[in-house]
>>> print(open('start36.txt').read())   # compact mmCIF, C-alpha atoms and all ligand atoms
# COMPACT_ATOMS: atom_id res chain seq x y z
CA ALA A 1 -45.89 -83.23 57.65
CA HIS A 2 -49.14 -84.92 56.77
CA GLN A 3 -52.02 -83.20 55.07
CA TRP A 4 -55.29 -84.95 54.22
CA ARG A 5 -55.19 -85.57 50.46
CA GLY A 6 -58.91 -85.70 49.66
CA VAL A 7 -61.21 -88.71 49.47
CA ILE A 8 -59.96 -90.18 46.20
CA ALA A 9 -56.30 -90.31 47.19
CA GLU A 10 -57.08 -91.42 50.76
CA TYR A 11 -59.44 -94.23 49.71
CA ARG A 12 -58.01 -94.97 46.27
CA GLU A 13 -58.15 -98.78 46.62
CA HIS A 14 -61.90 -98.64 47.34
CA LEU A 15 -62.79 -96.44 44.37
CA PRO A 16 -63.28 -97.32 40.68
CA PHE A 17 -60.62 -95.12 39.05
CA ALA A 18 -57.89 -96.08 36.59
CA ASP A 19 -54.30 -94.79 36.74
CA SER A 20 -54.96 -92.85 33.54
CA ASP A 21 -57.89 -90.92 35.04
CA THR A 22 -57.59 -87.26 36.00
CA LEU A 23 -58.15 -87.22 39.75
CA LEU A 24 -59.26 -83.92 41.26
CA THR A 25 -59.34 -82.69 44.84
CA LEU A 26 -60.19 -79.62 46.86
CA GLY A 27 -59.22 -81.41 50.07
CA GLU A 28 -62.71 -82.82 50.69
CA GLY A 29 -63.46 -85.40 53.38
CA GLY A 30 -61.39 -86.02 56.49
CA THR A 31 -64.14 -84.29 58.45
CA PRO A 32 -64.23 -84.52 62.26
CA LEU A 33 -66.30 -87.07 64.14
CA VAL A 34 -67.15 -85.11 67.27
CA HIS A 35 -68.29 -86.82 70.48
CA ALA A 36 -71.32 -84.99 71.88
CA PRO A 37 -71.56 -85.46 75.68
CA THR A 38 -74.75 -83.41 76.16
CA LEU A 39 -76.58 -85.22 73.39
CA SER A 40 -75.24 -88.57 74.62
CA ALA A 41 -76.57 -87.89 78.11
CA ALA A 42 -79.91 -86.74 76.73
CA VAL A 43 -80.52 -90.00 74.83
CA GLY A 44 -78.63 -92.53 76.96
CA ALA A 45 -76.20 -93.54 74.20
CA GLU A 46 -72.76 -92.57 72.89
CA VAL A 47 -73.42 -90.02 70.17
CA HIS A 48 -70.77 -88.95 67.66
CA ILE A 49 -71.44 -86.21 65.13
CA LYS A 50 -69.92 -86.37 61.64
CA VAL A 51 -69.49 -82.72 60.76
CA GLU A 52 -69.86 -82.59 56.98
CA GLY A 53 -70.20 -78.81 56.98
CA MET A 54 -66.38 -78.83 57.25
CA ASN A 55 -66.03 -79.86 53.60
CA PRO A 56 -64.61 -77.34 51.07
CA THR A 57 -68.01 -76.06 49.94
CA GLY A 58 -69.65 -76.69 53.29
CA SER A 59 -71.56 -79.91 52.66
CA PHE A 60 -71.15 -83.67 52.16
CA LYS A 61 -71.79 -83.22 48.44
CA ASP A 62 -68.08 -82.57 47.86
CA ARG A 63 -67.23 -86.25 48.44
CA GLY A 64 -69.45 -87.37 45.59
CA MET A 65 -68.77 -84.37 43.42
CA VAL A 66 -64.99 -84.83 43.35
CA SER A 67 -65.63 -88.37 42.19
CA ALA A 68 -68.29 -87.57 39.57
CA MET A 69 -66.28 -84.60 38.29
CA SER A 70 -63.08 -86.64 38.05
CA ARG A 71 -64.97 -89.20 35.93
CA ALA A 72 -66.54 -86.46 33.78
CA VAL A 73 -63.31 -84.63 33.07
CA SER A 74 -61.44 -87.90 32.44
CA ASP A 75 -64.10 -88.79 29.87
CA GLY A 76 -63.67 -85.43 28.15
CA ALA A 77 -66.89 -83.73 29.27
CA GLN A 78 -67.05 -80.01 28.48
CA THR A 79 -70.11 -79.18 30.56
CA VAL A 80 -71.78 -80.75 33.59
CA VAL A 81 -75.36 -80.20 34.63
CA CYS A 82 -77.28 -80.80 37.86
CA ALA A 83 -80.60 -80.14 39.54
CA SER A 84 -80.23 -78.92 43.09
CA THR A 85 -81.82 -77.64 46.25
CA GLY A 86 -78.55 -75.70 46.63
CA ASN A 87 -75.68 -77.75 48.00
CA THR A 88 -75.15 -79.93 44.95
CA SER A 89 -75.04 -76.82 42.76
CA ALA A 90 -72.51 -75.13 45.06
CA SER A 91 -70.30 -78.21 44.99
CA ALA A 92 -70.67 -78.82 41.24
CA ALA A 93 -69.78 -75.19 40.54
CA ALA A 94 -66.61 -75.39 42.64
CA TYR A 95 -65.38 -78.72 41.25
CA ALA A 96 -66.21 -77.75 37.65
CA THR A 97 -64.02 -74.70 38.21
CA ARG A 98 -61.26 -76.98 39.43
CA ALA A 99 -61.76 -79.27 36.42
CA GLY A 100 -61.79 -76.31 34.04
CA ILE A 101 -65.15 -77.19 32.51
CA GLY A 102 -68.57 -75.54 32.35
CA CYS A 103 -71.36 -76.04 34.87
CA ALA A 104 -75.10 -75.44 34.52
CA VAL A 105 -77.44 -75.71 37.51
CA LEU A 106 -81.24 -76.02 37.59
CA LEU A 107 -82.73 -74.59 40.76
CA PRO A 108 -86.29 -74.44 42.12
CA GLN A 109 -87.19 -70.74 41.93
CA GLY A 110 -87.17 -68.96 45.31
CA LYS A 111 -86.31 -72.07 47.35
CA ILE A 112 -82.50 -71.90 47.53
CA ALA A 113 -80.77 -70.59 50.66
CA ALA A 114 -78.82 -67.40 49.92
CA GLY A 115 -75.39 -68.79 50.84
CA LYS A 116 -75.72 -71.69 48.41
CA LEU A 117 -76.87 -69.40 45.62
CA ALA A 118 -73.86 -67.18 46.32
CA GLN A 119 -71.53 -70.17 45.96
CA ALA A 120 -72.92 -71.18 42.56
CA ILE A 121 -72.64 -67.57 41.40
CA VAL A 122 -69.08 -66.88 42.58
CA HIS A 123 -67.81 -70.15 41.13
CA GLY A 124 -69.21 -69.07 37.77
CA ALA A 125 -71.98 -71.61 37.16
CA GLN A 126 -74.78 -70.86 34.72
CA LEU A 127 -77.91 -70.59 36.86
CA ILE A 128 -81.35 -71.51 35.60
CA ALA A 129 -84.30 -70.93 37.94
CA VAL A 130 -87.17 -73.32 37.29
CA ASP A 131 -90.79 -72.52 38.05
CA GLY A 132 -91.22 -75.84 39.84
CA ASN A 133 -89.68 -77.95 42.62
CA PHE A 134 -86.48 -80.05 42.79
CA ASP A 135 -88.20 -83.03 41.24
CA ASP A 136 -89.09 -80.94 38.17
CA CYS A 137 -85.49 -79.71 37.98
CA LEU A 138 -84.11 -83.25 38.11
CA GLU A 139 -86.41 -84.36 35.31
CA ILE A 140 -85.09 -81.57 33.08
CA ALA A 141 -81.49 -82.37 34.04
CA ARG A 142 -81.95 -86.04 33.16
CA LYS A 143 -83.42 -85.08 29.77
CA LEU A 144 -80.58 -82.64 29.08
CA ASP A 145 -78.13 -85.46 29.84
CA ALA A 146 -79.95 -87.89 27.52
CA GLN A 147 -80.52 -85.52 24.61
CA PHE A 148 -77.63 -83.01 24.69
CA PRO A 149 -73.82 -83.11 25.12
CA VAL A 150 -73.75 -82.53 28.89
CA GLU A 151 -72.81 -84.82 31.79
CA LEU A 152 -75.24 -85.27 34.69
CA VAL A 153 -73.63 -85.00 38.15
CA ASN A 154 -76.69 -85.62 40.33
CA SER A 155 -76.55 -88.69 42.58
CA VAL A 156 -78.10 -90.85 39.85
CA ASN A 157 -74.54 -90.68 38.47
CA PRO A 158 -73.00 -93.77 40.16
CA TYR A 159 -69.70 -91.98 40.78
CA ARG A 160 -71.50 -89.68 43.21
CA LEU A 161 -72.39 -92.52 45.57
CA GLN A 162 -68.89 -94.00 45.14
CA GLY A 163 -67.39 -90.80 46.52
CA GLN A 164 -69.99 -90.34 49.22
CA LYS A 165 -69.47 -93.85 50.62
CA THR A 166 -66.07 -92.67 51.94
CA ALA A 167 -67.88 -90.95 54.82
CA ALA A 168 -68.85 -94.38 56.17
CA PHE A 169 -65.20 -95.46 55.90
CA GLU A 170 -64.14 -92.40 57.88
CA VAL A 171 -66.65 -93.11 60.65
CA CYS A 172 -65.36 -96.69 60.97
CA ASP A 173 -61.72 -95.56 60.81
CA ALA A 174 -62.34 -92.99 63.56
CA LEU A 175 -64.30 -95.33 65.89
CA GLY A 176 -62.15 -98.38 65.12
CA THR A 177 -65.41 -100.26 64.53
CA ALA A 178 -68.75 -99.73 62.82
CA PRO A 179 -71.32 -97.84 64.93
CA ASP A 180 -74.48 -99.64 66.06
CA ILE A 181 -76.71 -97.02 64.45
CA HIS A 182 -76.05 -94.42 61.76
CA ILE A 183 -78.49 -91.51 61.54
CA LEU A 184 -78.87 -88.98 58.71
CA PRO A 185 -81.38 -86.78 56.89
CA VAL A 186 -82.97 -88.16 53.72
CA GLY A 187 -83.94 -86.10 50.67
CA ASN A 188 -83.10 -87.45 47.24
CA ALA A 189 -81.84 -90.52 49.13
CA GLY A 190 -78.36 -90.71 47.64
CA ASN A 191 -76.50 -90.28 50.90
CA ILE A 192 -78.22 -93.01 52.92
CA SER A 193 -77.60 -95.33 49.96
CA ALA A 194 -73.93 -94.33 49.77
CA TYR A 195 -73.30 -94.81 53.50
CA TRP A 196 -74.92 -98.23 53.39
CA MET A 197 -72.69 -99.20 50.46
CA GLY A 198 -69.61 -97.99 52.35
CA TYR A 199 -70.50 -99.82 55.55
CA ARG A 200 -71.18 -103.05 53.63
CA GLU A 201 -67.91 -102.82 51.71
CA TYR A 202 -65.87 -102.39 54.90
CA ARG A 203 -67.68 -105.35 56.48
CA ASP A 204 -67.30 -107.51 53.36
CA LYS A 205 -63.57 -106.77 53.21
CA GLY A 206 -63.24 -107.75 56.89
CA ILE A 207 -62.17 -104.25 57.94
CA THR A 208 -65.18 -104.09 60.27
CA ALA A 209 -67.14 -106.94 61.85
CA SER A 210 -70.63 -105.51 61.50
CA THR A 211 -72.84 -102.88 59.84
CA PRO A 212 -75.02 -100.29 61.57
CA ALA A 213 -78.78 -99.94 61.44
CA MET A 214 -79.49 -97.01 59.10
CA TRP A 215 -81.95 -94.51 60.54
CA GLY A 216 -83.11 -91.90 58.03
CA PHE A 217 -85.26 -88.87 58.78
CA GLN A 218 -87.33 -86.80 56.37
CA ALA A 219 -89.21 -83.55 56.90
CA ALA A 220 -92.87 -84.30 57.62
CA GLY A 221 -94.06 -82.24 54.63
CA ALA A 222 -91.63 -84.01 52.31
CA ALA A 223 -91.63 -87.61 53.51
CA PRO A 224 -92.29 -89.91 50.54
CA PHE A 225 -90.58 -92.91 52.20
CA VAL A 226 -92.92 -92.56 55.17
CA ALA A 227 -95.93 -92.28 52.84
CA GLY A 228 -94.63 -95.20 50.78
CA ARG A 229 -95.03 -93.26 47.53
CA PRO A 230 -93.85 -89.99 45.90
CA ILE A 231 -95.29 -86.72 47.25
CA PRO A 232 -96.48 -84.27 44.54
CA ASP A 233 -96.02 -80.99 46.47
CA PRO A 234 -93.24 -81.37 49.06
CA GLU A 235 -93.01 -78.51 51.55
CA THR A 236 -90.59 -77.85 54.42
CA ILE A 237 -88.51 -75.07 55.90
CA ALA A 238 -85.54 -77.41 55.38
CA THR A 239 -85.26 -76.52 51.68
CA ALA A 240 -82.30 -78.87 51.11
CA ILE A 241 -84.61 -81.87 51.57
CA ARG A 242 -87.74 -80.38 49.97
CA ILE A 243 -88.01 -83.38 47.62
CA GLY A 244 -91.05 -85.51 46.79
CA ALA A 245 -89.76 -88.12 44.33
CA PRO A 246 -86.33 -89.34 45.52
CA ALA A 247 -84.16 -90.71 42.71
CA SER A 248 -82.45 -93.43 44.78
CA TRP A 249 -85.75 -94.93 45.95
CA ASP A 250 -84.89 -98.63 45.72
CA LEU A 251 -81.38 -98.23 47.13
CA ALA A 252 -82.68 -96.30 50.14
CA VAL A 253 -85.42 -98.85 50.84
CA ALA A 254 -82.76 -101.58 50.69
CA ALA A 255 -80.51 -99.60 53.05
CA ARG A 256 -83.39 -99.24 55.50
CA ASP A 257 -84.62 -102.83 55.34
CA ASP A 258 -81.34 -104.75 54.92
CA SER A 259 -79.75 -102.83 57.81
CA GLY A 260 -82.71 -103.32 60.13
CA GLY A 261 -83.25 -99.57 60.14
CA VAL A 262 -86.07 -97.07 59.74
CA ILE A 263 -87.00 -93.99 57.72
CA GLU A 264 -89.28 -91.70 59.72
CA ALA A 265 -90.47 -88.08 59.66
CA VAL A 266 -89.79 -85.07 61.88
CA THR A 267 -91.73 -81.79 61.84
CA ASP A 268 -90.23 -78.45 60.83
CA GLU A 269 -90.58 -77.36 64.46
CA GLN A 270 -88.58 -80.38 65.66
CA ILE A 271 -85.95 -79.65 63.00
CA LEU A 272 -85.57 -76.03 64.15
CA GLN A 273 -85.39 -77.11 67.80
CA ALA A 274 -82.66 -79.63 66.98
CA GLN A 275 -80.78 -76.98 64.97
CA ALA A 276 -80.94 -74.62 67.95
CA MET A 277 -79.86 -77.42 70.33
CA LEU A 278 -76.86 -78.29 68.14
CA ALA A 279 -75.83 -74.64 67.98
CA GLY A 280 -76.58 -73.71 71.60
CA GLU A 281 -75.63 -76.87 73.50
CA VAL A 282 -73.23 -78.86 71.31
CA GLY A 283 -71.40 -75.99 69.57
CA ILE A 284 -72.06 -76.97 65.96
CA PHE A 285 -74.00 -74.69 63.60
CA VAL A 286 -75.76 -76.66 60.85
CA GLU A 287 -78.34 -75.79 58.25
CA PRO A 288 -81.96 -76.85 58.97
CA ALA A 289 -82.00 -80.04 56.86
CA SER A 290 -78.82 -81.17 58.58
CA ALA A 291 -80.57 -81.11 61.95
CA ALA A 292 -83.24 -83.61 60.84
CA GLY A 293 -81.16 -86.57 62.04
CA VAL A 294 -80.68 -85.07 65.49
CA ALA A 295 -84.39 -84.23 65.63
CA GLY A 296 -85.09 -87.85 64.77
CA LEU A 297 -82.75 -89.15 67.44
CA LEU A 298 -84.43 -86.98 70.08
CA LEU A 299 -87.86 -88.15 68.87
CA LYS A 300 -86.85 -91.82 69.12
CA ALA A 301 -85.26 -91.27 72.53
CA GLY A 302 -88.50 -89.69 73.77
CA ARG A 303 -90.33 -92.85 72.73
CA GLY A 304 -87.78 -95.08 74.45
CA GLU A 305 -86.58 -96.46 71.11
CA VAL A 306 -82.87 -95.73 71.48
CA PRO A 307 -80.93 -98.77 72.78
CA THR A 308 -79.12 -97.85 76.02
CA GLY A 309 -75.39 -97.36 75.53
CA ALA A 310 -75.48 -97.80 71.75
CA THR A 311 -72.72 -96.25 69.67
CA ILE A 312 -74.47 -93.80 67.36
CA ALA A 313 -73.00 -91.78 64.49
CA ILE A 314 -75.06 -88.89 63.15
CA THR A 315 -74.21 -87.06 59.97
CA VAL A 316 -74.89 -83.34 60.01
CA THR A 317 -74.78 -82.69 56.29
CA GLY A 318 -74.28 -78.95 55.75
CA ASN A 319 -72.88 -75.80 57.32
CA GLY A 320 -75.21 -73.41 59.13
CA LEU A 321 -73.68 -70.39 57.40
CA LYS A 322 -75.35 -71.41 54.15
CA ASP A 323 -78.79 -70.39 55.41
CA ILE A 324 -78.57 -67.69 58.04
CA ASP A 325 -81.99 -66.28 57.13
CA THR A 326 -83.78 -69.33 58.54
CA ALA A 327 -81.48 -69.55 61.56
CA LEU A 328 -82.05 -65.90 62.48
CA SER A 329 -85.75 -65.70 61.63
CA GLN A 330 -86.85 -66.39 65.19
CA ARG A 331 -84.02 -64.56 66.93
CA ASP A 332 -83.58 -61.09 68.34
CA LEU A 333 -81.09 -59.48 65.96
CA THR A 334 -80.40 -56.25 67.78
CA PRO A 335 -77.24 -56.08 69.92
CA THR A 336 -77.19 -53.47 72.67
CA LEU A 337 -75.50 -50.34 71.27
CA ILE A 338 -73.03 -48.55 73.54
CA GLU A 339 -70.51 -45.73 73.33
CA ALA A 340 -66.91 -46.91 72.78
CA ASP A 341 -66.26 -47.17 76.51
CA VAL A 342 -65.33 -50.07 78.85
CA ASN A 343 -67.67 -49.01 81.64
CA ALA A 344 -70.63 -48.91 79.25
CA ALA A 345 -69.81 -52.50 78.21
CA ALA A 346 -69.46 -53.60 81.85
CA GLU A 347 -72.80 -52.04 82.69
CA VAL A 348 -74.57 -53.96 79.88
CA LEU A 349 -72.90 -57.16 81.14
CA GLY A 350 -73.89 -56.42 84.76
CA LEU A 351 -70.27 -56.56 85.94
CA ALA A 352 -68.96 -54.79 89.05
CA ALA A 353 -65.35 -53.51 88.96
CA LEU A 354 -62.68 -55.65 90.70
N1 LIG B 1 -78.76 -82.47 53.86
C1 LIG B 1 -78.41 -81.48 53.03
C2 LIG B 1 -77.76 -80.28 53.63
C3 LIG B 1 -78.61 -81.60 51.64
O1 LIG B 1 -78.25 -80.60 50.84
C4 LIG B 1 -79.25 -82.75 51.14
C5 LIG B 1 -79.51 -82.90 49.71
C6 LIG B 1 -79.60 -83.75 52.04
C7 LIG B 1 -79.34 -83.58 53.39
C8 LIG B 1 -80.23 -85.02 51.61
O2 LIG B 1 -79.31 -85.87 51.01
O3 LIG B 1 -80.46 -86.10 48.84
O4 LIG B 1 -78.62 -87.63 49.48
O5 LIG B 1 -80.84 -87.78 50.60
N2 LIG B 1 -79.33 -81.96 48.88
C9 LIG B 1 -79.44 -82.11 47.43
C10 LIG B 1 -78.95 -80.86 46.73
C11 LIG B 1 -80.76 -82.58 46.96
O6 LIG B 1 -79.40 -80.54 45.61
O7 LIG B 1 -78.10 -80.18 47.27
P1 LIG B 1 -79.84 -86.92 49.92
>>> encode(input="start36.txt", output="structure tokens", more="lines below")
Ligand code: F0G
Amino acid sequence: AHQWRGVIAEYREHLPFADSDTLLTLGEGGTPLVHAPTLSAAVGAEVHIKVEGMNPTGSFKDRGMVSAMSRAVSDGAQTVVCASTGNTSASAAAYATRAGIGCAVLLPQGKIAAGKLAQAIVHGAQLIAVDGNFDDCLEIARKLDAQFPVELVNSVNPYRLQGQKTAAFEVCDALGTAPDIHILPVGNAGNISAYWMGYREYRDKGITASTPAMWGFQAAGAAPFVAGRPIPDPETIATAIRIGAPASWDLAVAARDDSGGVIEAVTDEQILQAQAMLAGEVGIFVEPASAAGVAGLLLKAGRGEVPTGATIAITVTGNGLKDIDTALSQRDLTPTLIEADVNAAAEVLGLAAL
């Protein structure tokens, strides 16, 4: 019987590990690429959704974290550190547990979804809340790495992008070809850079014949690539991408330009509408930031900018269960209360007896 062995074992020949390295796994990667007929019909293309919320800690971060953590533990690190809007910290905490080493996480005070905070806590990370935003947290994390005996596992660690590039391999392996367009949300800009690296490597090795155009979408209140410069006070309901000074700036600009792609902005309202559409019409519950790509696709389709019949892959980056507060904030939460009786249930449902 076959079981998916995690991204390092599955893509070993494409990753920079030695036989002597300690290679970890929690079974990350191998996530489904789900064809979305309703979304395809809505935009006049073939849309496939890469469901990264299916990873062990519920986001794409696990691909890069297993790689960065394997490097860290192989090099004898005792403690890893990261800045995070939530998902990186959840993933780092889980993989540090697996590696048997310590984990410290720097989090922007009051801006982390409850589910992500819970993950960092239950996996035993040391939490530090910073009176500042993600960009402030990352600056502290970089300085800790430079001046103290800790290993940085943010995406400025090259092993993070090495692991994350495997998602592009999986998309190509599932489609049997590279898509025409790959769409994803952009925050600190590691993921768009990693996908572009993965797509190029598969093309350069002759496994695929082409590379997709990379379409990135930021939240309008946190869109430094759209502004063309860092944003001092990023603000968005999509807290995962509430970032004003992305670390992988040059790599993301290269991904955009070399692929013939774009990085554009979507409003919080468009993000929430796309989240609701994914949940209510496609059947996939994602966190707000994860819906930015779908919001962007719908925006481009409305402008007539989606090529008819194109094969499109969209990454939805994180599981909706991580942030139920935002998802439920505009919903009616009260179910109809009945006595424990079948006829009372049938009455609520408006059903007549057979
Ligand atoms: N989607 C989700 C759910 C994320 O958590 C992130 C980043 C992104 C998209 C953007 O990816 O940074 O590679 O451009 N979250 C980081 C964190 C910043 O700390 O969890 P990116």
>>> closest_residue(input="start36.txt", among="A:Gly296, A:Gly350, A:Pro108, A:Gly216", to="A:Pro185", atoms="all atoms listed in the file")
A:Gly216
>>> residues_near_ligand(input="start36.txt", ligand="ligand LIG 1 (chain B)", cutoff="9 Å", atoms="only C-alpha atoms and all ligand atoms", output="PyMOL selection string")
chain A and resi 52-53+58-61+82-91+107+116+134+154-155+161+184-194+216+218+238-243+246-248+252+286-292+315-319
>>> residues_around(input="start36.txt", residues="A:Asp145", least_positions_apart="5", cutoff="12 Å", atoms="all atoms listed in the file", output="ChimeraX atom specification")
/A:77,79-83,104,138-140,150-154,156-157
>>> closest_residue(input="start36.txt", among="A:Cys103, A:Ala295, A:Leu354, A:Cys137", to="A:Ile121", atoms="only C-alpha atoms")
A:Cys103
>>> closest_residue(input="start36.txt", among="A:Arg160, A:His123, A:Arg256, A:Arg63", to="A:Val105", atoms="only C-alpha atoms")
A:His123
>>> residues_around(input="start36.txt", residues="A:Thr22", least_positions_apart="5", cutoff="7 Å", atoms="all atoms listed in the file", output="compact mmCIF listing (two decimals) with C-alpha atoms, in the coordinates of the input")
# COMPACT_ATOMS: atom_id res chain seq x y z
CA SER A 70 -63.08 -86.64 38.05
CA VAL A 73 -63.31 -84.63 33.07
CA SER A 74 -61.44 -87.90 32.44
>>> atom_distance(input="start36.txt", atom1="atom CA of A:Leu321", atom2="atom CA of A:Gln275")
12.3 Å
>>> closest_residue(input="start36.txt", among="A:Pro16, A:Gly309, A:Gly302, A:Gly244", to="A:Ala223", atoms="only C-alpha atoms")
A:Gly244
>>> atom_distance(input="start36.txt", atom1="atom CA of A:Asp19", atom2="atom CA of A:Arg203")
26.1 Å
>>> residues_near_point(input="start36.txt", point="(-75.5, -91.9, 71.7)", cutoff="10 Å", atoms="all atoms listed in the file", output="ChimeraX atom specification")
/A:35-49,179-181,297,301,306-314
>>> closest_residue(input="start36.txt", among="A:Gly260, A:Val51, A:Asp173, A:Gly102", to="A:Val282", atoms="all atoms listed in the file")
A:Val51
>>> residues_near_point(input="start36.txt", point="(-65.8, -93.5, 53.0)", cutoff="10 Å", atoms="only C-alpha atoms", output="number ranges by chain")
A: 7-8, 10-11, 14-15, 29-30, 63, 161-173, 194-195, 197-199, 201-202
>>> atom_distance(input="start36.txt", atom1="atom CA of A:Val253", atom2="atom CA of A:Val294")
20.7 Å
>>> residues_around(input="start36.txt", residues="A:Gly27", least_positions_apart="5", cutoff="8 Å", atoms="all atoms listed in the file", output="PDB file with C-alpha atoms, in the coordinates of the input")
ATOM      1  CA  TRP A   4     -55.290 -84.950  54.220  1.00  0.00           C
ATOM      2  CA  ARG A   5     -55.190 -85.570  50.460  1.00  0.00           C
ATOM      3  CA  GLY A   6     -58.910 -85.700  49.660  1.00  0.00           C
ATOM      4  CA  VAL A   7     -61.210 -88.710  49.470  1.00  0.00           C
ATOM      5  CA  ASN A  55     -66.030 -79.860  53.600  1.00  0.00           C
ATOM      6  CA  PRO A  56     -64.610 -77.340  51.070  1.00  0.00           C
TER       7      PRO A  56
END
>>> axis_aligned_box(input="start36.txt", around="stretch 5-8 of chain A", padding_each_side="6 Å", output="AutoDock Vina command-line options")
--center_x -58.2 --center_y -87.9 --center_z 48.3 --size_x 18.0 --size_y 16.6 --size_z 16.3
>>> closest_residue(input="start36.txt", among="A:Ala146, A:Ala174, A:Ala93, A:Ile263", to="A:Thr31", atoms="only C-alpha atoms")
A:Ala174
>>> residues_around(input="start36.txt", residues="stretch 325-338 of chain A", least_positions_apart="3", cutoff="8 Å", atoms="only C-alpha atoms", output="ChimeraX atom specification")
/A:113-114,237,287-288,320,341,344-345,348
